[in-house]
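Dumped my_file18.cif below, it's mmCIF, N, CA and C atoms; chains and numbers go by the auth columns:
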data_upload
#
loop_
_atom_site.group_PDB
_atom_site.id
_atom_site.type_symbol
_atom_site.label_atom_id
_atom_site.label_comp_id
_atom_site.label_asym_id
_atom_site.label_seq_id
_atom_site.Cartn_x
_atom_site.Cartn_y
_atom_site.Cartn_z
_atom_site.B_iso_or_equiv
_atom_site.auth_seq_id
_atom_site.auth_asym_id
ATOM 1 N N MET A 1 8.914 -5.402 -9.311 0.00 276 Q
ATOM 2 C CA MET A 1 7.803 -4.719 -9.938 0.00 276 Q
ATOM 3 C C MET A 1 6.614 -4.723 -8.983 0.00 276 Q
ATOM 4 N N ALA A 2 6.023 -3.578 -8.788 0.00 277 Q
ATOM 5 C CA ALA A 2 4.887 -3.449 -7.876 0.00 277 Q
ATOM 6 C C ALA A 2 3.637 -4.058 -8.500 0.00 277 Q
ATOM 7 N N PRO A 3 2.814 -4.704 -7.668 0.00 278 Q
ATOM 8 C CA PRO A 3 1.550 -5.226 -8.202 0.00 278 Q
ATOM 9 C C PRO A 3 0.630 -4.060 -8.526 0.00 278 Q
ATOM 10 N N GLU A 4 -0.156 -4.229 -9.535 0.00 279 Q
ATOM 11 C CA GLU A 4 -1.148 -3.209 -9.867 0.00 279 Q
ATOM 12 C C GLU A 4 -2.395 -3.507 -9.052 0.00 279 Q
ATOM 13 N N ILE A 5 -2.947 -2.492 -8.425 0.00 280 Q
ATOM 14 C CA ILE A 5 -4.177 -2.668 -7.665 0.00 280 Q
ATOM 15 C C ILE A 5 -5.314 -2.881 -8.651 0.00 280 Q
ATOM 16 N N HIS A 6 -6.058 -3.934 -8.432 0.00 281 Q
ATOM 17 C CA HIS A 6 -7.233 -4.211 -9.256 0.00 281 Q
ATOM 18 C C HIS A 6 -8.460 -4.057 -8.383 0.00 281 Q
ATOM 19 N N THR A 7 -9.304 -3.115 -8.732 0.00 282 Q
ATOM 20 C CA THR A 7 -10.567 -2.965 -8.040 0.00 282 Q
ATOM 21 C C THR A 7 -11.598 -3.712 -8.865 0.00 282 Q
ATOM 22 N N VAL A 8 -12.218 -4.690 -8.251 0.00 283 Q
ATOM 23 C CA VAL A 8 -13.179 -5.517 -8.972 0.00 283 Q
ATOM 24 C C VAL A 8 -14.486 -5.553 -8.197 0.00 283 Q
ATOM 25 N N GLY A 9 -15.522 -5.941 -8.885 0.00 284 Q
ATOM 26 C CA GLY A 9 -16.813 -6.093 -8.230 0.00 284 Q
ATOM 27 C C GLY A 9 -16.856 -7.363 -7.405 0.00 284 Q
ATOM 28 N N GLU A 10 -17.828 -7.439 -6.525 0.00 285 Q
ATOM 29 C CA GLU A 10 -17.959 -8.606 -5.649 0.00 285 Q
ATOM 30 C C GLU A 10 -18.123 -9.897 -6.436 0.00 285 Q
ATOM 31 N N SER A 11 -18.679 -9.807 -7.633 0.00 286 Q
ATOM 32 C CA SER A 11 -18.891 -11.012 -8.434 0.00 286 Q
ATOM 33 C C SER A 11 -17.574 -11.674 -8.829 0.00 286 Q
ATOM 34 N N LYS A 12 -16.464 -10.944 -8.781 0.00 287 Q
ATOM 35 C CA LYS A 12 -15.158 -11.484 -9.156 0.00 287 Q
ATOM 36 C C LYS A 12 -14.418 -12.135 -7.981 0.00 287 Q
ATOM 37 N N VAL A 13 -14.931 -12.011 -6.767 0.00 288 Q
ATOM 38 C CA VAL A 13 -14.218 -12.521 -5.593 0.00 288 Q
ATOM 39 C C VAL A 13 -13.973 -14.019 -5.706 0.00 288 Q
ATOM 40 N N ASN A 14 -14.978 -14.791 -6.077 0.00 289 Q
ATOM 41 C CA ASN A 14 -14.796 -16.237 -6.192 0.00 289 Q
ATOM 42 C C ASN A 14 -13.749 -16.576 -7.242 0.00 289 Q
ATOM 43 N N ASP A 15 -13.733 -15.837 -8.329 0.00 290 Q
ATOM 44 C CA ASP A 15 -12.709 -16.026 -9.358 0.00 290 Q
ATOM 45 C C ASP A 15 -11.317 -15.814 -8.772 0.00 290 Q
ATOM 46 N N LEU A 16 -11.148 -14.718 -8.051 0.00 291 Q
ATOM 47 C CA LEU A 16 -9.848 -14.406 -7.456 0.00 291 Q
ATOM 48 C C LEU A 16 -9.437 -15.465 -6.439 0.00 291 Q
ATOM 49 N N LEU A 17 -10.379 -15.909 -5.635 0.00 292 Q
ATOM 50 C CA LEU A 17 -10.077 -16.923 -4.631 0.00 292 Q
ATOM 51 C C LEU A 17 -9.699 -18.261 -5.255 0.00 292 Q
ATOM 52 N N SER A 18 -10.168 -18.520 -6.464 0.00 293 Q
ATOM 53 C CA SER A 18 -9.888 -19.810 -7.096 0.00 293 Q
ATOM 54 C C SER A 18 -8.412 -19.975 -7.440 0.00 293 Q
ATOM 55 N N TRP A 19 -7.673 -18.882 -7.554 0.00 294 Q
ATOM 56 C CA TRP A 19 -6.239 -18.999 -7.855 0.00 294 Q
ATOM 57 C C TRP A 19 -5.349 -18.241 -6.875 0.00 294 Q
ATOM 58 N N ALA A 20 -5.916 -17.769 -5.793 0.00 295 Q
ATOM 59 C CA ALA A 20 -5.132 -17.034 -4.794 0.00 295 Q
ATOM 60 C C ALA A 20 -4.216 -17.972 -4.012 0.00 295 Q
ATOM 61 N N SER A 21 -3.043 -17.463 -3.670 0.00 296 Q
ATOM 62 C CA SER A 21 -2.122 -18.199 -2.798 0.00 296 Q
ATOM 63 C C SER A 21 -2.324 -17.806 -1.345 0.00 296 Q
ATOM 64 N N ALA A 22 -2.714 -16.564 -1.135 0.00 297 Q
ATOM 65 C CA ALA A 22 -2.945 -16.039 0.207 0.00 297 Q
ATOM 66 C C ALA A 22 -4.069 -15.011 0.112 0.00 297 Q
ATOM 67 N N VAL A 23 -4.712 -14.787 1.248 0.00 298 Q
ATOM 68 C CA VAL A 23 -5.806 -13.811 1.291 0.00 298 Q
ATOM 69 C C VAL A 23 -5.577 -12.886 2.477 0.00 298 Q
ATOM 70 N N VAL A 24 -5.743 -11.604 2.238 0.00 299 Q
ATOM 71 C CA VAL A 24 -5.711 -10.605 3.297 0.00 299 Q
ATOM 72 C C VAL A 24 -7.086 -9.950 3.319 0.00 299 Q
ATOM 73 N N THR A 25 -7.671 -9.893 4.505 0.00 300 Q
ATOM 74 C CA THR A 25 -8.955 -9.209 4.637 0.00 300 Q
ATOM 75 C C THR A 25 -8.775 -7.973 5.510 0.00 300 Q
ATOM 76 N N LEU A 26 -9.492 -6.941 5.155 0.00 301 Q
ATOM 77 C CA LEU A 26 -9.505 -5.685 5.902 0.00 301 Q
ATOM 78 C C LEU A 26 -10.960 -5.377 6.199 0.00 301 Q
ATOM 79 N N ALA A 27 -11.262 -5.138 7.463 0.00 302 Q
ATOM 80 C CA ALA A 27 -12.659 -4.953 7.835 0.00 302 Q
ATOM 81 C C ALA A 27 -12.766 -4.134 9.107 0.00 302 Q
ATOM 82 N N ILE A 28 -13.978 -3.730 9.402 0.00 303 Q
ATOM 83 C CA ILE A 28 -14.284 -3.151 10.704 0.00 303 Q
ATOM 84 C C ILE A 28 -14.466 -4.327 11.657 0.00 303 Q
ATOM 85 N N ASN A 29 -13.846 -4.246 12.823 0.00 304 Q
ATOM 86 C CA ASN A 29 -13.949 -5.317 13.808 0.00 304 Q
ATOM 87 C C ASN A 29 -15.399 -5.412 14.283 0.00 304 Q
ATOM 88 N N PRO A 30 -16.055 -6.560 14.052 0.00 305 Q
ATOM 89 C CA PRO A 30 -17.464 -6.666 14.451 0.00 305 Q
ATOM 90 C C PRO A 30 -17.677 -6.611 15.957 0.00 305 Q
ATOM 91 N N ASP A 31 -16.649 -6.956 16.725 0.00 306 Q
ATOM 92 C CA ASP A 31 -16.773 -6.908 18.183 0.00 306 Q
ATOM 93 C C ASP A 31 -16.455 -5.532 18.753 0.00 306 Q
ATOM 94 N N ASN A 32 -15.801 -4.701 17.955 0.00 307 Q
ATOM 95 C CA ASN A 32 -15.427 -3.355 18.383 0.00 307 Q
ATOM 96 C C ASN A 32 -15.416 -2.455 17.154 0.00 307 Q
ATOM 97 N N PRO A 33 -16.568 -1.891 16.796 0.00 308 Q
ATOM 98 C CA PRO A 33 -16.693 -1.117 15.560 0.00 308 Q
ATOM 99 C C PRO A 33 -15.779 0.108 15.456 0.00 308 Q
ATOM 100 N N ASP A 34 -15.132 0.482 16.550 0.00 309 Q
ATOM 101 C CA ASP A 34 -14.201 1.612 16.503 0.00 309 Q
ATOM 102 C C ASP A 34 -12.819 1.190 16.022 0.00 309 Q
ATOM 103 N N ARG A 35 -12.616 -0.113 15.800 0.00 310 Q
ATOM 104 C CA ARG A 35 -11.294 -0.618 15.406 0.00 310 Q
ATOM 105 C C ARG A 35 -11.359 -1.354 14.081 0.00 310 Q
ATOM 106 N N ALA A 36 -10.293 -1.227 13.332 0.00 311 Q
ATOM 107 C CA ALA A 36 -10.159 -1.990 12.091 0.00 311 Q
ATOM 108 C C ALA A 36 -9.593 -3.367 12.418 0.00 311 Q
ATOM 109 N N HIS A 37 -9.833 -4.311 11.539 0.00 312 Q
ATOM 110 C CA HIS A 37 -9.345 -5.677 11.729 0.00 312 Q
ATOM 111 C C HIS A 37 -8.711 -6.146 10.422 0.00 312 Q
ATOM 112 N N ALA A 38 -7.532 -6.721 10.505 0.00 313 Q
ATOM 113 C CA ALA A 38 -6.860 -7.290 9.343 0.00 313 Q
ATOM 114 C C ALA A 38 -6.514 -8.738 9.638 0.00 313 Q
ATOM 115 N N ALA A 39 -6.620 -9.577 8.632 0.00 314 Q
ATOM 116 C CA ALA A 39 -6.265 -10.981 8.786 0.00 314 Q
ATOM 117 C C ALA A 39 -5.569 -11.461 7.518 0.00 314 Q
ATOM 118 N N HIS A 40 -4.657 -12.405 7.687 0.00 315 Q
ATOM 119 C CA HIS A 40 -3.908 -12.977 6.569 0.00 315 Q
ATOM 120 C C HIS A 40 -3.968 -14.486 6.689 0.00 315 Q
ATOM 121 N N VAL A 41 -4.194 -15.158 5.584 0.00 316 Q
ATOM 122 C CA VAL A 41 -4.171 -16.620 5.595 0.00 316 Q
ATOM 123 C C VAL A 41 -3.463 -17.107 4.336 0.00 316 Q
ATOM 124 N N GLN A 42 -2.559 -18.061 4.527 0.00 317 Q
ATOM 125 C CA GLN A 42 -1.928 -18.755 3.409 0.00 317 Q
ATOM 126 C C GLN A 42 -2.829 -19.938 3.084 0.00 317 Q
ATOM 127 N N LEU A 43 -3.344 -19.999 1.876 0.00 318 Q
ATOM 128 C CA LEU A 43 -4.272 -21.063 1.514 0.00 318 Q
ATOM 129 C C LEU A 43 -3.517 -22.369 1.258 0.00 318 Q
ATOM 130 N N GLU A 44 -3.989 -23.432 1.880 0.00 319 Q
ATOM 131 C CA GLU A 44 -3.368 -24.737 1.706 0.00 319 Q
ATOM 132 C C GLU A 44 -3.609 -25.242 0.288 0.00 319 Q
ATOM 133 N N HIS A 45 -2.719 -26.077 -0.173 0.00 320 Q
ATOM 134 C CA HIS A 45 -2.836 -26.730 -1.469 0.00 320 Q
ATOM 135 C C HIS A 45 -2.800 -25.739 -2.624 0.00 320 Q
ATOM 136 N N ARG A 46 -2.183 -24.604 -2.397 0.00 321 Q
ATOM 137 C CA ARG A 46 -1.987 -23.602 -3.455 0.00 321 Q
ATOM 138 C C ARG A 46 -0.510 -23.305 -3.537 0.00 321 Q
ATOM 139 N N PRO A 47 -0.033 -22.928 -4.704 0.00 322 Q
ATOM 140 C CA PRO A 47 1.383 -22.535 -4.778 0.00 322 Q
ATOM 141 C C PRO A 47 1.637 -21.380 -3.807 0.00 322 Q
ATOM 142 N N ALA A 48 2.602 -21.565 -2.945 0.00 323 Q
ATOM 143 C CA ALA A 48 2.881 -20.560 -1.914 0.00 323 Q
ATOM 144 C C ALA A 48 3.791 -19.467 -2.455 0.00 323 Q
ATOM 145 N N LEU A 49 3.485 -18.252 -2.061 0.00 324 Q
ATOM 146 C CA LEU A 49 4.397 -17.135 -2.279 0.00 324 Q
ATOM 147 C C LEU A 49 5.208 -16.991 -0.999 0.00 324 Q
ATOM 148 N N ALA A 50 6.498 -16.797 -1.128 0.00 325 Q
ATOM 149 C CA ALA A 50 7.331 -16.596 0.057 0.00 325 Q
ATOM 150 C C ALA A 50 6.801 -15.398 0.844 0.00 325 Q
ATOM 151 N N LEU A 51 6.910 -15.470 2.162 0.00 326 Q
ATOM 152 C CA LEU A 51 6.384 -14.401 3.008 0.00 326 Q
ATOM 153 C C LEU A 51 7.034 -13.057 2.704 0.00 326 Q
ATOM 154 N N ASN A 52 8.332 -13.051 2.380 0.00 327 Q
ATOM 155 C CA ASN A 52 8.968 -11.773 2.051 0.00 327 Q
ATOM 156 C C ASN A 52 8.397 -11.185 0.762 0.00 327 Q
ATOM 157 N N ILE A 53 8.012 -12.017 -0.180 0.00 328 Q
ATOM 158 C CA ILE A 53 7.384 -11.523 -1.416 0.00 328 Q
ATOM 159 C C ILE A 53 5.994 -10.986 -1.102 0.00 328 Q
ATOM 160 N N GLN A 54 5.244 -11.720 -0.262 0.00 329 Q
ATOM 161 C CA GLN A 54 3.921 -11.233 0.133 0.00 329 Q
ATOM 162 C C GLN A 54 4.039 -9.887 0.841 0.00 329 Q
ATOM 163 N N ALA A 55 5.023 -9.774 1.723 0.00 330 Q
ATOM 164 C CA ALA A 55 5.216 -8.525 2.467 0.00 330 Q
ATOM 165 C C ALA A 55 5.520 -7.375 1.515 0.00 330 Q
ATOM 166 N N GLN A 56 6.387 -7.611 0.541 0.00 331 Q
ATOM 167 C CA GLN A 56 6.716 -6.551 -0.414 0.00 331 Q
ATOM 168 C C GLN A 56 5.503 -6.182 -1.258 0.00 331 Q
ATOM 169 N N MET A 57 4.727 -7.180 -1.658 0.00 332 Q
ATOM 170 C CA MET A 57 3.513 -6.898 -2.433 0.00 332 Q
ATOM 171 C C MET A 57 2.539 -6.054 -1.616 0.00 332 Q
ATOM 172 N N LEU A 58 2.415 -6.355 -0.322 0.00 333 Q
ATOM 173 C CA LEU A 58 1.524 -5.571 0.541 0.00 333 Q
ATOM 174 C C LEU A 58 2.042 -4.140 0.710 0.00 333 Q
ATOM 175 N N ARG A 59 3.366 -3.971 0.860 0.00 334 Q
ATOM 176 C CA ARG A 59 3.926 -2.618 0.961 0.00 334 Q
ATOM 177 C C ARG A 59 3.676 -1.835 -0.326 0.00 334 Q
ATOM 178 N N ASP A 60 3.884 -2.481 -1.472 0.00 335 Q
ATOM 179 C CA ASP A 60 3.659 -1.818 -2.758 0.00 335 Q
ATOM 180 C C ASP A 60 2.187 -1.438 -2.912 0.00 335 Q
ATOM 181 N N THR A 61 1.316 -2.349 -2.515 0.00 336 Q
ATOM 182 C CA THR A 61 -0.116 -2.070 -2.594 0.00 336 Q
ATOM 183 C C THR A 61 -0.496 -0.929 -1.654 0.00 336 Q
ATOM 184 N N ALA A 62 0.073 -0.921 -0.444 0.00 337 Q
ATOM 185 C CA ALA A 62 -0.195 0.162 0.508 0.00 337 Q
ATOM 186 C C ALA A 62 0.259 1.503 -0.068 0.00 337 Q
ATOM 187 N N ASP A 63 1.401 1.535 -0.725 0.00 338 Q
ATOM 188 C CA ASP A 63 1.871 2.775 -1.345 0.00 338 Q
ATOM 189 C C ASP A 63 0.881 3.257 -2.404 0.00 338 Q
ATOM 190 N N GLN A 64 0.358 2.320 -3.194 0.00 339 Q
ATOM 191 C CA GLN A 64 -0.612 2.696 -4.228 0.00 339 Q
ATOM 192 C C GLN A 64 -1.927 3.182 -3.610 0.00 339 Q
ATOM 193 N N LEU A 65 -2.339 2.549 -2.525 0.00 340 Q
ATOM 194 C CA LEU A 65 -3.550 3.010 -1.840 0.00 340 Q
ATOM 195 C C LEU A 65 -3.340 4.400 -1.248 0.00 340 Q
ATOM 196 N N ASP A 66 -2.172 4.652 -0.670 0.00 341 Q
ATOM 197 C CA ASP A 66 -1.853 5.986 -0.148 0.00 341 Q
ATOM 198 C C ASP A 66 -1.911 7.025 -1.264 0.00 341 Q
ATOM 199 N N ALA A 67 -1.336 6.696 -2.411 0.00 342 Q
ATOM 200 C CA ALA A 67 -1.339 7.630 -3.541 0.00 342 Q
ATOM 201 C C ALA A 67 -2.766 7.882 -4.029 0.00 342 Q
ATOM 202 N N ALA A 68 -3.573 6.830 -4.105 0.00 343 Q
ATOM 203 C CA ALA A 68 -4.966 6.995 -4.535 0.00 343 Q
ATOM 204 C C ALA A 68 -5.738 7.841 -3.537 0.00 343 Q
ATOM 205 N N HIS A 69 -5.466 7.645 -2.247 0.00 344 Q
ATOM 206 C CA HIS A 69 -6.127 8.438 -1.214 0.00 344 Q
ATOM 207 C C HIS A 69 -5.742 9.924 -1.338 0.00 344 Q
ATOM 208 N N ALA A 70 -4.480 10.175 -1.581 0.00 345 Q
ATOM 209 C CA ALA A 70 -4.018 11.567 -1.749 0.00 345 Q
ATOM 210 C C ALA A 70 -4.710 12.218 -2.943 0.00 345 Q
ATOM 211 N N GLU A 71 -4.884 11.471 -4.020 0.00 346 Q
ATOM 212 C CA GLU A 71 -5.572 12.007 -5.203 0.00 346 Q
ATOM 213 C C GLU A 71 -7.037 12.324 -4.882 0.00 346 Q
ATOM 214 N N GLU A 72 -7.675 11.453 -4.104 0.00 347 Q
ATOM 215 C CA GLU A 72 -9.068 11.681 -3.719 0.00 347 Q
ATOM 216 C C GLU A 72 -9.222 12.946 -2.893 0.00 347 Q
ATOM 217 N N ARG A 73 -8.229 13.203 -2.031 0.00 348 Q
ATOM 218 C CA ARG A 73 -8.305 14.342 -1.129 0.00 348 Q
ATOM 219 C C ARG A 73 -7.947 15.654 -1.798 0.00 348 Q
ATOM 220 N N SER A 74 -7.287 15.594 -2.961 0.00 349 Q
ATOM 221 C CA SER A 74 -6.874 16.859 -3.606 0.00 349 Q
ATOM 222 C C SER A 74 -7.931 17.389 -4.535 0.00 349 Q
#
Structure translated into structure tokens:
Amino acid sequence: MAPEIHTVGESKVNDLLSWASAVVTLAINPDNPDRAHAAHVQLEHRPALALNIQAQMLRDTADQLDAAHAEERS
């Protein structure tokens, strides 16, 4: 089952981090603003999700983002 994308306000970030197993950040590279930067961290002392499950969740999320982008452009 694909994860549902949840768009939340910044005020919810701490809530999400309090139970996250891993965090992926997407940003503009501060050292090179022409490039995007992605980072992944498995948080210690949290129940771990297997890397293959994380990978599938990211692929499912990417598919949903692609679909949302297509809707925005139409």
Calculate how many Å separate CA of Val299 (chain Q) from CA of Ala314 (chain Q), rounding to one decimal.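 For CA of Val299 (chain Q) relative to CA of Ala314 (chain Q), the distance reads 5.5 Å.
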Box along x, y and z, 3 Å on every side, all listed atoms of region 283-295 of chain Q inside: centre and edge lengths in Å to one decimal, as AutoDock Vina command-line options.
--center_x -11.6 --center_y -12.3 --center_z -6.7 --size_x 20.7 --size_y 21.3 --size_z 11.3
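Put simply, atom N of Ala297 (chain Q) is 11.7 Å away from atom N of Ile328 (chain Q).
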Shell around Thr282 (chain Q) at 12 Å using only C-alpha atoms, local window under 6 positions removed, as a PDB file with N, CA and C atoms, in the frame of the given file:
ATOM      1  N   VAL Q 288     -14.931 -12.011  -6.767  1.00  0.00           N
ATOM      2  CA  VAL Q 288     -14.218 -12.521  -5.593  1.00  0.00           C
ATOM      3  C   VAL Q 288     -13.973 -14.019  -5.706  1.00  0.00           C
ATOM      4  N   LEU Q 291     -11.148 -14.718  -8.051  1.00  0.00           N
ATOM      5  CA  LEU Q 291      -9.848 -14.406  -7.456  1.00  0.00           C
ATOM      6  C   LEU Q 291      -9.437 -15.465  -6.439  1.00  0.00           C
ATOM      7  N   THR Q 336       1.316  -2.349  -2.515  1.00  0.00           N
ATOM      8  CA  THR Q 336      -0.116  -2.070  -2.594  1.00  0.00           C
ATOM      9  C   THR Q 336      -0.496  -0.929  -1.654  1.00  0.00           C
ATOM     10  N   LEU Q 340      -2.339   2.549  -2.525  1.00  0.00           N
ATOM     11  CA  LEU Q 340      -3.550   3.010  -1.840  1.00  0.00           C
ATOM     12  C   LEU Q 340      -3.340   4.400  -1.248  1.00  0.00           C
ATOM     13  N   ALA Q 343      -3.573   6.830  -4.105  1.00  0.00           N
ATOM     14  CA  ALA Q 343      -4.966   6.995  -4.535  1.00  0.00           C
ATOM     15  C   ALA Q 343      -5.738   7.841  -3.537  1.00  0.00           C
TER      16      ALA Q 343
END
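Here CA of Glu319 (chain Q) stands at a distance of 8.0 Å from CA of Ser296 (chain Q).
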Out of chain Q, which residues get strand (DSSP E) from DSSP, as number ranges by chain? Q: 297-303, 311-317
Check what the PyMOL selection byres ((chain Q and resi 300) around 7) selects in the file above and give those residues as a compact mmCIF listing (two decimals) with N, CA and C atoms, keeping the file's coordinate frame.
# COMPACT_ATOMS: atom_id res chain seq x y z
N VAL Q 298 -4.71 -14.79 1.25
CA VAL Q 298 -5.81 -13.81 1.29
C VAL Q 298 -5.58 -12.89 2.48
N VAL Q 299 -5.74 -11.60 2.24
CA VAL Q 299 -5.71 -10.60 3.30
C VAL Q 299 -7.09 -9.95 3.32
N LEU Q 301 -9.49 -6.94 5.16
CA LEU Q 301 -9.51 -5.68 5.90
C LEU Q 301 -10.96 -5.38 6.20
N ALA Q 302 -11.26 -5.14 7.46
CA ALA Q 302 -12.66 -4.95 7.84
C ALA Q 302 -12.77 -4.13 9.11
N HIS Q 312 -9.83 -4.31 11.54
CA HIS Q 312 -9.35 -5.68 11.73
C HIS Q 312 -8.71 -6.15 10.42
N ALA Q 313 -7.53 -6.72 10.50
CA ALA Q 313 -6.86 -7.29 9.34
C ALA Q 313 -6.51 -8.74 9.64
N ALA Q 314 -6.62 -9.58 8.63
CA ALA Q 314 -6.26 -10.98 8.79
C ALA Q 314 -5.57 -11.46 7.52
N HIS Q 315 -4.66 -12.40 7.69
CA HIS Q 315 -3.91 -12.98 6.57
C HIS Q 315 -3.97 -14.49 6.69
N VAL Q 316 -4.19 -15.16 5.58
CA VAL Q 316 -4.17 -16.62 5.60
C VAL Q 316 -3.46 -17.11 4.34
